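Undergrad: File name input.cif; file contents mmCIF, C-alpha atoms; full text below.
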```cif
data_work
#
loop_
_atom_site.label_atom_id
_atom_site.label_comp_id
_atom_site.auth_asym_id
_atom_site.auth_seq_id
_atom_site.Cartn_x
_atom_site.Cartn_y
_atom_site.Cartn_z
CA MET A 1 -14.52 -14.94 -3.51
CA LYS A 2 -15.48 -12.09 -1.19
CA LEU A 3 -14.46 -9.41 -3.70
CA GLU A 4 -16.23 -10.74 -6.76
CA GLY A 5 -17.15 -7.87 -9.09
CA LYS A 6 -14.97 -5.34 -7.27
CA VAL A 7 -12.21 -3.27 -8.85
CA ALA A 8 -9.06 -2.61 -6.84
CA LEU A 9 -6.14 -0.30 -7.55
CA VAL A 10 -2.91 -1.25 -5.76
CA THR A 11 -0.12 1.31 -6.00
CA GLY A 12 3.48 0.14 -6.08
CA SER A 13 2.43 -3.41 -6.92
CA SER A 14 5.34 -4.55 -9.10
CA GLN A 15 7.07 -6.33 -6.20
CA GLY A 16 7.07 -7.12 -2.51
CA ILE A 17 4.06 -6.33 -0.37
CA GLY A 18 2.20 -4.57 -3.19
CA GLN A 19 2.51 -7.57 -5.48
CA SER A 20 1.29 -9.92 -2.77
CA ILE A 21 -1.72 -7.66 -2.09
CA ALA A 22 -2.62 -7.51 -5.78
CA VAL A 23 -2.50 -11.30 -6.09
CA ARG A 24 -4.52 -11.87 -2.92
CA LEU A 25 -7.25 -9.44 -3.98
CA ALA A 26 -7.42 -11.17 -7.36
CA ALA A 27 -7.75 -14.53 -5.60
CA GLU A 28 -10.75 -13.09 -3.78
CA GLY A 29 -12.36 -12.25 -7.11
CA ALA A 30 -11.37 -8.61 -7.65
CA ASN A 31 -10.20 -7.08 -10.90
CA VAL A 32 -6.83 -5.52 -10.14
CA VAL A 33 -5.07 -2.45 -11.48
CA ILE A 34 -1.30 -2.75 -11.16
CA ASP A 35 0.70 0.46 -10.73
CA TYR A 36 4.47 0.66 -11.09
CA ARG A 37 7.05 3.41 -11.43
CA SER A 38 10.36 1.83 -12.48
CA HIS A 39 10.01 -1.98 -12.62
CA PRO A 40 7.99 -2.93 -15.72
CA GLU A 41 9.27 -6.50 -15.54
CA GLY A 42 7.96 -6.74 -11.99
CA ALA A 43 4.58 -5.42 -13.11
CA GLU A 44 4.47 -8.12 -15.80
CA GLU A 45 5.23 -10.72 -13.14
CA THR A 46 2.43 -9.39 -10.97
CA LEU A 47 0.09 -9.53 -13.95
CA ALA A 48 0.87 -13.20 -14.55
CA LYS A 49 0.30 -14.02 -10.88
CA VAL A 50 -2.94 -12.03 -10.81
CA GLN A 51 -4.27 -13.84 -13.84
CA ALA A 52 -3.25 -17.20 -12.37
CA ALA A 53 -5.07 -16.28 -9.17
CA GLY A 54 -8.27 -15.77 -11.14
CA GLY A 55 -8.58 -12.01 -11.46
CA LYS A 56 -8.52 -9.73 -14.47
CA CYS A 57 -5.75 -7.18 -14.66
CA ILE A 58 -5.39 -4.06 -16.71
CA MET A 59 -2.39 -4.13 -18.99
CA ALA A 60 -1.62 -2.21 -22.17
CA GLN A 61 -0.97 -5.06 -24.55
CA CYS A 62 -2.96 -7.80 -22.91
CA PRO A 63 -4.04 -10.12 -25.78
CA ASN A 64 -7.53 -10.59 -24.40
CA SER A 65 -8.02 -6.82 -23.91
CA GLN A 66 -8.49 -7.09 -20.17
CA GLY A 67 -6.78 -3.72 -19.75
CA TYR A 68 -3.33 -2.44 -18.91
CA ILE A 69 -0.73 -1.96 -16.22
CA ILE A 70 -0.38 1.71 -15.35
CA LYS A 71 2.98 3.40 -15.00
CA ALA A 72 2.73 6.32 -12.59
CA ASP A 73 5.03 8.19 -10.25
CA LEU A 74 3.12 8.63 -6.99
CA GLY A 75 5.26 11.66 -6.18
CA ILE A 76 3.72 13.60 -9.09
CA VAL A 77 0.10 14.66 -8.54
CA SER A 78 -0.74 14.73 -12.25
CA ASP A 79 0.44 11.11 -12.52
CA VAL A 80 -1.65 10.16 -9.50
CA ARG A 81 -4.79 11.70 -10.98
CA ARG A 82 -4.17 10.09 -14.37
CA MET A 83 -3.66 6.70 -12.72
CA VAL A 84 -7.02 6.83 -10.96
CA GLU A 85 -8.82 8.25 -14.00
CA GLU A 86 -7.42 5.54 -16.31
CA SER A 87 -8.37 2.81 -13.85
CA ILE A 88 -11.95 4.06 -13.80
CA ALA A 89 -12.04 4.59 -17.55
CA HIS A 90 -11.13 0.97 -18.22
CA PHE A 91 -13.27 -0.88 -15.69
CA GLY A 92 -16.00 1.74 -15.35
CA LYS A 93 -15.55 2.08 -11.60
CA LEU A 94 -13.17 1.76 -8.67
CA ASP A 95 -14.17 0.17 -5.36
CA ILE A 96 -10.92 -0.32 -3.47
CA LEU A 97 -7.80 1.83 -3.30
CA VAL A 98 -4.69 0.38 -1.65
CA ASN A 99 -2.06 3.08 -1.13
CA ASN A 100 0.98 0.83 -0.94
CA ALA A 101 3.72 2.71 -2.83
CA GLY A 102 6.38 4.12 -0.55
CA ILE A 103 10.06 5.01 -0.41
CA GLU A 104 12.65 5.74 2.27
CA ARG A 105 16.00 7.54 2.45
CA HIS A 106 18.71 6.74 4.99
CA ALA A 107 20.70 9.64 6.42
CA PRO A 108 21.48 11.30 9.77
CA PHE A 109 18.97 14.11 10.36
CA TRP A 110 21.63 16.81 9.86
CA ASP A 111 22.54 15.39 6.43
CA VAL A 112 19.02 15.04 4.99
CA THR A 113 18.74 17.02 1.76
CA GLU A 114 15.68 18.93 0.64
CA ALA A 115 15.51 16.69 -2.42
CA ASP A 116 15.41 13.51 -0.34
CA TYR A 117 12.89 14.98 2.09
CA ASP A 118 10.63 16.02 -0.78
CA ALA A 119 10.95 12.65 -2.50
CA VAL A 120 9.85 10.75 0.61
CA MET A 121 7.01 13.08 1.55
CA ASN A 122 5.72 13.37 -2.02
CA VAL A 123 5.37 9.62 -2.53
CA ASN A 124 4.47 8.53 1.00
CA LEU A 125 2.02 11.27 1.95
CA LYS A 126 1.21 13.69 -0.86
CA GLY A 127 0.59 10.88 -3.35
CA VAL A 128 -1.64 9.06 -0.86
CA PHE A 129 -3.61 12.26 -0.17
CA PHE A 130 -4.38 12.95 -3.83
CA ALA A 131 -4.99 9.33 -4.83
CA ALA A 132 -7.59 9.15 -2.06
CA GLN A 133 -9.06 12.47 -3.18
CA GLU A 134 -9.54 11.23 -6.76
CA MET A 135 -11.06 8.00 -5.50
CA VAL A 136 -13.49 9.87 -3.23
CA LYS A 137 -14.56 12.22 -6.02
CA HIS A 138 -15.37 9.17 -8.16
CA LEU A 139 -17.36 7.51 -5.37
CA ILE A 140 -19.35 10.69 -4.71
CA GLU A 141 -20.10 11.17 -8.41
CA SER A 142 -21.24 7.56 -8.78
CA ASN A 143 -23.08 7.58 -5.43
CA ARG A 144 -21.28 4.48 -4.15
CA THR A 145 -19.37 3.41 -1.07
CA GLY A 146 -15.76 2.26 -1.11
CA LYS A 147 -12.63 1.22 0.76
CA ILE A 148 -9.33 3.06 1.15
CA ILE A 149 -6.53 1.03 2.71
CA ASN A 150 -3.19 2.67 3.40
CA ILE A 151 0.00 0.69 3.91
CA SER A 152 1.68 2.54 6.73
CA SER A 153 4.45 1.19 8.99
CA VAL A 154 5.24 0.50 12.62
CA HIS A 155 7.18 3.73 12.23
CA GLU A 156 3.99 5.74 12.38
CA GLU A 157 4.49 5.04 16.11
CA LEU A 158 8.05 3.76 16.53
CA PRO A 159 11.04 6.15 16.18
CA PHE A 160 13.57 5.06 13.56
CA PRO A 161 16.84 7.05 13.81
CA ASN A 162 18.31 8.11 10.44
CA PHE A 163 14.91 7.78 8.74
CA THR A 164 13.23 10.90 10.09
CA ALA A 165 11.48 11.93 6.87
CA TYR A 166 10.08 8.41 6.48
CA CYS A 167 8.75 8.39 10.04
CA ALA A 168 7.21 11.84 9.56
CA SER A 169 5.46 10.64 6.40
CA LYS A 170 3.99 7.61 8.15
CA GLY A 171 2.96 9.69 11.16
CA GLY A 172 1.18 11.99 8.73
CA MET A 173 -0.52 9.00 7.14
CA LYS A 174 -1.84 7.93 10.55
CA MET A 175 -3.52 11.31 11.10
CA LEU A 176 -4.73 11.47 7.49
CA THR A 177 -6.41 8.11 7.96
CA ARG A 178 -8.14 9.15 11.18
CA ASN A 179 -9.31 12.45 9.77
CA LEU A 180 -10.65 10.95 6.54
CA ALA A 181 -12.41 8.19 8.47
CA VAL A 182 -14.42 10.85 10.31
CA GLU A 183 -15.02 13.05 7.28
CA LEU A 184 -15.88 10.24 4.84
CA GLY A 185 -17.77 7.95 7.21
CA PRO A 186 -21.15 9.57 6.43
CA LEU A 187 -20.51 8.71 2.76
CA GLY A 188 -19.99 5.02 3.55
CA ILE A 189 -16.29 5.20 2.73
CA THR A 190 -13.98 3.45 5.18
CA VAL A 191 -10.30 4.36 5.61
CA ASN A 192 -7.81 2.20 7.49
CA ASN A 193 -4.07 1.69 7.89
CA VAL A 194 -2.14 -1.56 7.79
CA ALA A 195 1.25 -1.06 9.46
CA PRO A 196 3.84 -3.74 8.68
CA GLY A 197 6.90 -4.33 10.80
CA ALA A 198 9.93 -6.20 9.45
CA ILE A 199 8.73 -7.97 6.30
CA GLU A 200 10.87 -10.15 4.06
CA THR A 201 10.86 -8.11 0.84
CA PRO A 202 13.46 -6.83 -1.68
CA ILE A 203 13.77 -3.55 0.26
CA ASN A 204 15.31 -5.56 3.13
CA THR A 205 17.92 -7.42 1.06
CA LYS A 206 20.85 -5.85 2.94
CA LEU A 207 19.36 -6.84 6.29
CA LEU A 208 18.69 -10.40 5.14
CA ASN A 209 22.35 -10.73 4.12
CA ASP A 210 23.69 -9.42 7.44
CA PRO A 211 23.39 -12.23 10.03
CA GLU A 212 24.37 -9.99 12.95
CA LYS A 213 21.79 -7.29 12.24
CA LEU A 214 19.13 -9.85 11.36
CA GLY A 215 19.76 -11.74 14.57
CA ALA A 216 19.48 -8.57 16.66
CA LEU A 217 16.19 -7.69 14.96
CA LEU A 218 14.70 -11.15 15.46
CA LYS A 219 15.39 -10.86 19.19
CA ASN A 220 13.00 -7.89 19.19
CA ILE A 221 10.19 -9.84 17.52
CA PRO A 222 8.24 -12.00 19.99
CA LEU A 223 7.09 -14.36 17.22
CA GLY A 224 10.75 -14.89 16.31
CA ARG A 225 10.54 -14.43 12.55
CA LEU A 226 10.25 -11.84 9.84
CA GLY A 227 6.82 -11.29 8.35
CA GLN A 228 5.96 -12.43 4.85
CA PRO A 229 4.19 -10.24 2.26
CA GLN A 230 1.15 -12.51 2.43
CA ASP A 231 0.82 -11.74 6.15
CA VAL A 232 0.04 -8.16 5.13
CA ALA A 233 -2.03 -9.12 2.09
CA SER A 234 -4.38 -11.29 4.17
CA LEU A 235 -5.31 -8.34 6.38
CA VAL A 236 -5.78 -6.05 3.38
CA ALA A 237 -8.15 -8.59 1.82
CA PHE A 238 -10.20 -8.63 5.03
CA LEU A 239 -10.38 -4.83 5.23
CA ALA A 240 -11.43 -4.67 1.58
CA SER A 241 -14.34 -7.04 2.17
CA VAL A 242 -17.83 -6.59 3.60
CA ASP A 243 -16.60 -8.33 6.75
CA ALA A 244 -14.83 -5.07 7.66
CA ASP A 245 -17.67 -2.66 6.83
CA TYR A 246 -17.85 -1.39 10.42
CA ILE A 247 -14.10 -0.77 10.76
CA THR A 248 -12.67 2.65 9.97
CA GLY A 249 -10.00 5.03 11.24
CA ALA A 250 -7.90 2.19 12.63
CA THR A 251 -4.29 1.08 12.31
CA PHE A 252 -3.57 -2.64 12.34
CA PHE A 253 0.03 -3.61 13.14
CA VAL A 254 1.39 -6.65 11.31
CA ASP A 255 4.71 -6.96 13.10
CA GLY A 256 4.91 -10.16 15.13
CA GLY A 257 4.79 -8.05 18.30
CA LEU A 258 7.80 -5.88 17.35
CA LEU A 259 6.27 -2.50 18.21
CA TRP A 260 5.70 -3.27 21.89
CA ASN A 261 8.96 -5.15 22.36
CA TYR A 262 11.47 -3.03 20.41
CA GLN A 263 14.72 -1.92 22.04
CA GLU A 264 17.50 0.07 20.38
CA GLN A 265 20.75 -1.91 20.34
#
```
Take the structure in this file and express it as structure tokens.
TA:
Amino acid sequence: MKLEGKVALVTGSSQGIGQSIAVRLAAEGANVVIDYRSHPEGAEETLAKVQAAGGKCIMAQCPNSQGYIIKADLGIVSDVRRMVEESIAHFGKLDILVNNAGIERHAPFWDVTEADYDAVMNVNLKGVFFAAQEMVKHLIESNRTGKIINISSVHEELPFPNFTAYCASKGGMKMLTRNLAVELGPLGITVNNVAPGAIETPINTKLLNDPEKLGALLKNIPLGRLGQPQDVASLVAFLASVDADYITGATFFVDGGLLWNYQEQ
């Protein structure tokens, strides 16, 4: 129970990697704030798993008044600020921020629309920026240290044709992490990236149902399998704990070796 007494906010935690992170942090003793944008049923599922894991979760109509799940669009700054403020208002503090929410849009570069570009950058980079800002303001005001953990991607380093806006957002996250690590280090606030490779989540349903594409991808992964959400969650739990107090400004790749072995087919 390395996170006993801590409060963690996990954005985009109604499914996939975010859900797994929320449950793992709860298992380590943290109280968990679940954020969702469009899957309330998924948020309810995360809540049940968090409670089963031993944590307390904030949810609007929780019978034991442990709090509420927060609906927020990470692409809207006012929603981001409200999400952080409500988290703090309920539990009285916030110790850990996991910026997990993210989206992607598939299109050849010459067909990318302004709307799609803005959607990706707003959620993946702008939302992360302002969620971290609200968290830092809270930590400064309460004179406490804290942890910011960003869920990036191997595509902060690895080109991904037809997903240029997504790659740009993750490249921006890499530099944001490094810059904040330097600026916030004197305040005792650590900032790190966890960069997943190919993880078996709902966002990869098409890939999982295409044996040819899946087979080609697996040939690029030295460990020979897709990652599982808990592979990412385990590293996040470590970075959120005191065991990682001297780690900041780093990116940790959770990809089975994909990054250094990838070849375009």
Undergrad: Sort by chain and increasing residue number a table of all residues of segment 126-235 of chain A within 6 Å of segment 19-30 of chain A, each with its closest pair of atoms and their distance in Å to one decimal, counting all atoms listed in the file, and write it as a tab-separated table.
TA:
```
residue	atom	partner	partner_atom	distance
A:Pro229	CA	A:Ser20	CA	5.8
A:Gln230	CA	A:Ser20	CA	5.8
A:Ala233	CA	A:Ile21	CA	4.4
```
Undergrad: For Phe252 of chain A, find every residue with an atom within 8 Å (counting all atoms listed in the file), except residues of its own chain fewer than 6 positions away, and show them as a VMD selection string.
TA: chain A and resid 193 to 195
Undergrad: Name every residue that the PyMOL selection byres ((chain A and resi 87) around 12) selects in this structure, writing the answer as a ChimeraX atom specification with chains first and numbers rising.
TA: /A:7-11,31-35,57-60,66-72,80-86,88-97,131,134-135,138
Undergrad: Could the residues in this selection be written to a file with C-alpha atoms, as a PDB file, in the coordinates of the input?
TA:
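again.pdb written:
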```pdb
ATOM      1  CA  VAL A   7     -12.210  -3.270  -8.850  1.00  0.00           C
ATOM      2  CA  ALA A   8      -9.060  -2.610  -6.840  1.00  0.00           C
ATOM      3  CA  LEU A   9      -6.140  -0.300  -7.550  1.00  0.00           C
ATOM      4  CA  VAL A  10      -2.910  -1.250  -5.760  1.00  0.00           C
ATOM      5  CA  THR A  11      -0.120   1.310  -6.000  1.00  0.00           C
ATOM      6  CA  ASN A  31     -10.200  -7.080 -10.900  1.00  0.00           C
ATOM      7  CA  VAL A  32      -6.830  -5.520 -10.140  1.00  0.00           C
ATOM      8  CA  VAL A  33      -5.070  -2.450 -11.480  1.00  0.00           C
ATOM      9  CA  ILE A  34      -1.300  -2.750 -11.160  1.00  0.00           C
ATOM     10  CA  ASP A  35       0.700   0.460 -10.730  1.00  0.00           C
ATOM     11  CA  CYS A  57      -5.750  -7.180 -14.660  1.00  0.00           C
ATOM     12  CA  ILE A  58      -5.390  -4.060 -16.710  1.00  0.00           C
ATOM     13  CA  MET A  59      -2.390  -4.130 -18.990  1.00  0.00           C
ATOM     14  CA  ALA A  60      -1.620  -2.210 -22.170  1.00  0.00           C
ATOM     15  CA  GLN A  66      -8.490  -7.090 -20.170  1.00  0.00           C
ATOM     16  CA  GLY A  67      -6.780  -3.720 -19.750  1.00  0.00           C
ATOM     17  CA  TYR A  68      -3.330  -2.440 -18.910  1.00  0.00           C
ATOM     18  CA  ILE A  69      -0.730  -1.960 -16.220  1.00  0.00           C
ATOM     19  CA  ILE A  70      -0.380   1.710 -15.350  1.00  0.00           C
ATOM     20  CA  LYS A  71       2.980   3.400 -15.000  1.00  0.00           C
ATOM     21  CA  ALA A  72       2.730   6.320 -12.590  1.00  0.00           C
ATOM     22  CA  VAL A  80      -1.650  10.160  -9.500  1.00  0.00           C
ATOM     23  CA  ARG A  81      -4.790  11.700 -10.980  1.00  0.00           C
ATOM     24  CA  ARG A  82      -4.170  10.090 -14.370  1.00  0.00           C
ATOM     25  CA  MET A  83      -3.660   6.700 -12.720  1.00  0.00           C
ATOM     26  CA  VAL A  84      -7.020   6.830 -10.960  1.00  0.00           C
ATOM     27  CA  GLU A  85      -8.820   8.250 -14.000  1.00  0.00           C
ATOM     28  CA  GLU A  86      -7.420   5.540 -16.310  1.00  0.00           C
ATOM     29  CA  ILE A  88     -11.950   4.060 -13.800  1.00  0.00           C
ATOM     30  CA  ALA A  89     -12.040   4.590 -17.550  1.00  0.00           C
ATOM     31  CA  HIS A  90     -11.130   0.970 -18.220  1.00  0.00           C
ATOM     32  CA  PHE A  91     -13.270  -0.880 -15.690  1.00  0.00           C
ATOM     33  CA  GLY A  92     -16.000   1.740 -15.350  1.00  0.00           C
ATOM     34  CA  LYS A  93     -15.550   2.080 -11.600  1.00  0.00           C
ATOM     35  CA  LEU A  94     -13.170   1.760  -8.670  1.00  0.00           C
ATOM     36  CA  ASP A  95     -14.170   0.170  -5.360  1.00  0.00           C
ATOM     37  CA  ILE A  96     -10.920  -0.320  -3.470  1.00  0.00           C
ATOM     38  CA  LEU A  97      -7.800   1.830  -3.300  1.00  0.00           C
ATOM     39  CA  ALA A 131      -4.990   9.330  -4.830  1.00  0.00           C
ATOM     40  CA  GLU A 134      -9.540  11.230  -6.760  1.00  0.00           C
ATOM     41  CA  MET A 135     -11.060   8.000  -5.500  1.00  0.00           C
ATOM     42  CA  HIS A 138     -15.370   9.170  -8.160  1.00  0.00           C
TER      43      HIS A 138
END
```
Undergrad: Once the PyMOL selection byres ((chain A and resi 147) around 9) has been evaluated on this model, what residues remain selected, and can you format them as a list in words?
TA: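 For this structure, the PyMOL selection byres ((chain A and resi 147) around 9) captures Asp95, Ile96, Leu97, Val98, Thr145, Gly146, Ile148, Ile149, Gly188, Ile189, Thr190, Val191, Asn192, Leu239, Ala240, Ser241 and Asp245 of chain A.
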Undergrad: Keeping only C-alpha atoms, take the residues you just selected and write them out as a compact mmCIF listing (two decimals), keeping the file's coordinate frame.
TA:
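Produced file out.txt, reproduced below:
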```txt
# COMPACT_ATOMS: atom_id res chain seq x y z
CA ASP A 95 -14.17 0.17 -5.36
CA ILE A 96 -10.92 -0.32 -3.47
CA LEU A 97 -7.80 1.83 -3.30
CA VAL A 98 -4.69 0.38 -1.65
CA THR A 145 -19.37 3.41 -1.07
CA GLY A 146 -15.76 2.26 -1.11
CA ILE A 148 -9.33 3.06 1.15
CA ILE A 149 -6.53 1.03 2.71
CA GLY A 188 -19.99 5.02 3.55
CA ILE A 189 -16.29 5.20 2.73
CA THR A 190 -13.98 3.45 5.18
CA VAL A 191 -10.30 4.36 5.61
CA ASN A 192 -7.81 2.20 7.49
CA LEU A 239 -10.38 -4.83 5.23
CA ALA A 240 -11.43 -4.67 1.58
CA SER A 241 -14.34 -7.04 2.17
CA ASP A 245 -17.67 -2.66 6.83
```
Undergrad: Compare A:Glu183, A:Glu141, A:Lys174, A:Gly197 by their minimum atom-to-atom distance to Phe160 of chain A, counting all atoms listed in the file, and give me the closest one.
TA: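 Once distances to Phe160 of chain A are computed over all atoms listed in the file, the minimum belongs to A:Gly197.
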Undergrad: Let me have the centre and edge lengths in Å, one decimal, of the box along x, y and z around every listed atom of segment 25-33 of chain A with 3 Å of margin on each side, as JSON.
TA:
```
{"center_x": -8.7, "center_y": -8.5, "center_z": -7.6, "size_x": 13.3, "size_y": 18.1, "size_z": 13.7}
```
Undergrad: Find the distance between atom CA of Ala198 of chain A and atom CA of Ala165 of chain A and write it in Å to one decimal.
TA: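 Separating atom CA of Ala198 of chain A from atom CA of Ala165 of chain A is a distance of 18.4 Å.
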Undergrad: Excluding Met173 of chain A and its own-chain neighbours fewer than 2 positions away, which residues fall within 10 Å of it when counting all atoms listed in the file? Please give them as a list of chain:residue names.
TA: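 The residues that qualify are A:Asn124, A:Leu125, A:Lys126, A:Val128, A:Phe129, A:Asn150, A:Ile151, A:Ser152, A:Ser153, A:Glu156, A:Cys167, A:Ala168, A:Ser169, A:Lys170, A:Gly171, A:Met175, A:Leu176, A:Thr177, A:Arg178, A:Asn179, A:Asn192, A:Asn193.
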Undergrad: Can those selected residues be exported to a file as a PDB file, in the coordinates of the input so that it contains C-alpha atoms?
TA:
```
ATOM      1  CA  ASN A 124       4.470   8.530   1.000  1.00  0.00           C
ATOM      2  CA  LEU A 125       2.020  11.270   1.950  1.00  0.00           C
ATOM      3  CA  LYS A 126       1.210  13.690  -0.860  1.00  0.00           C
ATOM      4  CA  VAL A 128      -1.640   9.060  -0.860  1.00  0.00           C
ATOM      5  CA  PHE A 129      -3.610  12.260  -0.170  1.00  0.00           C
ATOM      6  CA  ASN A 150      -3.190   2.670   3.400  1.00  0.00           C
ATOM      7  CA  ILE A 151       0.000   0.690   3.910  1.00  0.00           C
ATOM      8  CA  SER A 152       1.680   2.540   6.730  1.00  0.00           C
ATOM      9  CA  SER A 153       4.450   1.190   8.990  1.00  0.00           C
ATOM     10  CA  GLU A 156       3.990   5.740  12.380  1.00  0.00           C
ATOM     11  CA  CYS A 167       8.750   8.390  10.040  1.00  0.00           C
ATOM     12  CA  ALA A 168       7.210  11.840   9.560  1.00  0.00           C
ATOM     13  CA  SER A 169       5.460  10.640   6.400  1.00  0.00           C
ATOM     14  CA  LYS A 170       3.990   7.610   8.150  1.00  0.00           C
ATOM     15  CA  GLY A 171       2.960   9.690  11.160  1.00  0.00           C
ATOM     16  CA  MET A 175      -3.520  11.310  11.100  1.00  0.00           C
ATOM     17  CA  LEU A 176      -4.730  11.470   7.490  1.00  0.00           C
ATOM     18  CA  THR A 177      -6.410   8.110   7.960  1.00  0.00           C
ATOM     19  CA  ARG A 178      -8.140   9.150  11.180  1.00  0.00           C
ATOM     20  CA  ASN A 179      -9.310  12.450   9.770  1.00  0.00           C
ATOM     21  CA  ASN A 192      -7.810   2.200   7.490  1.00  0.00           C
ATOM     22  CA  ASN A 193      -4.070   1.690   7.890  1.00  0.00           C
TER      23      ASN A 193
END
```
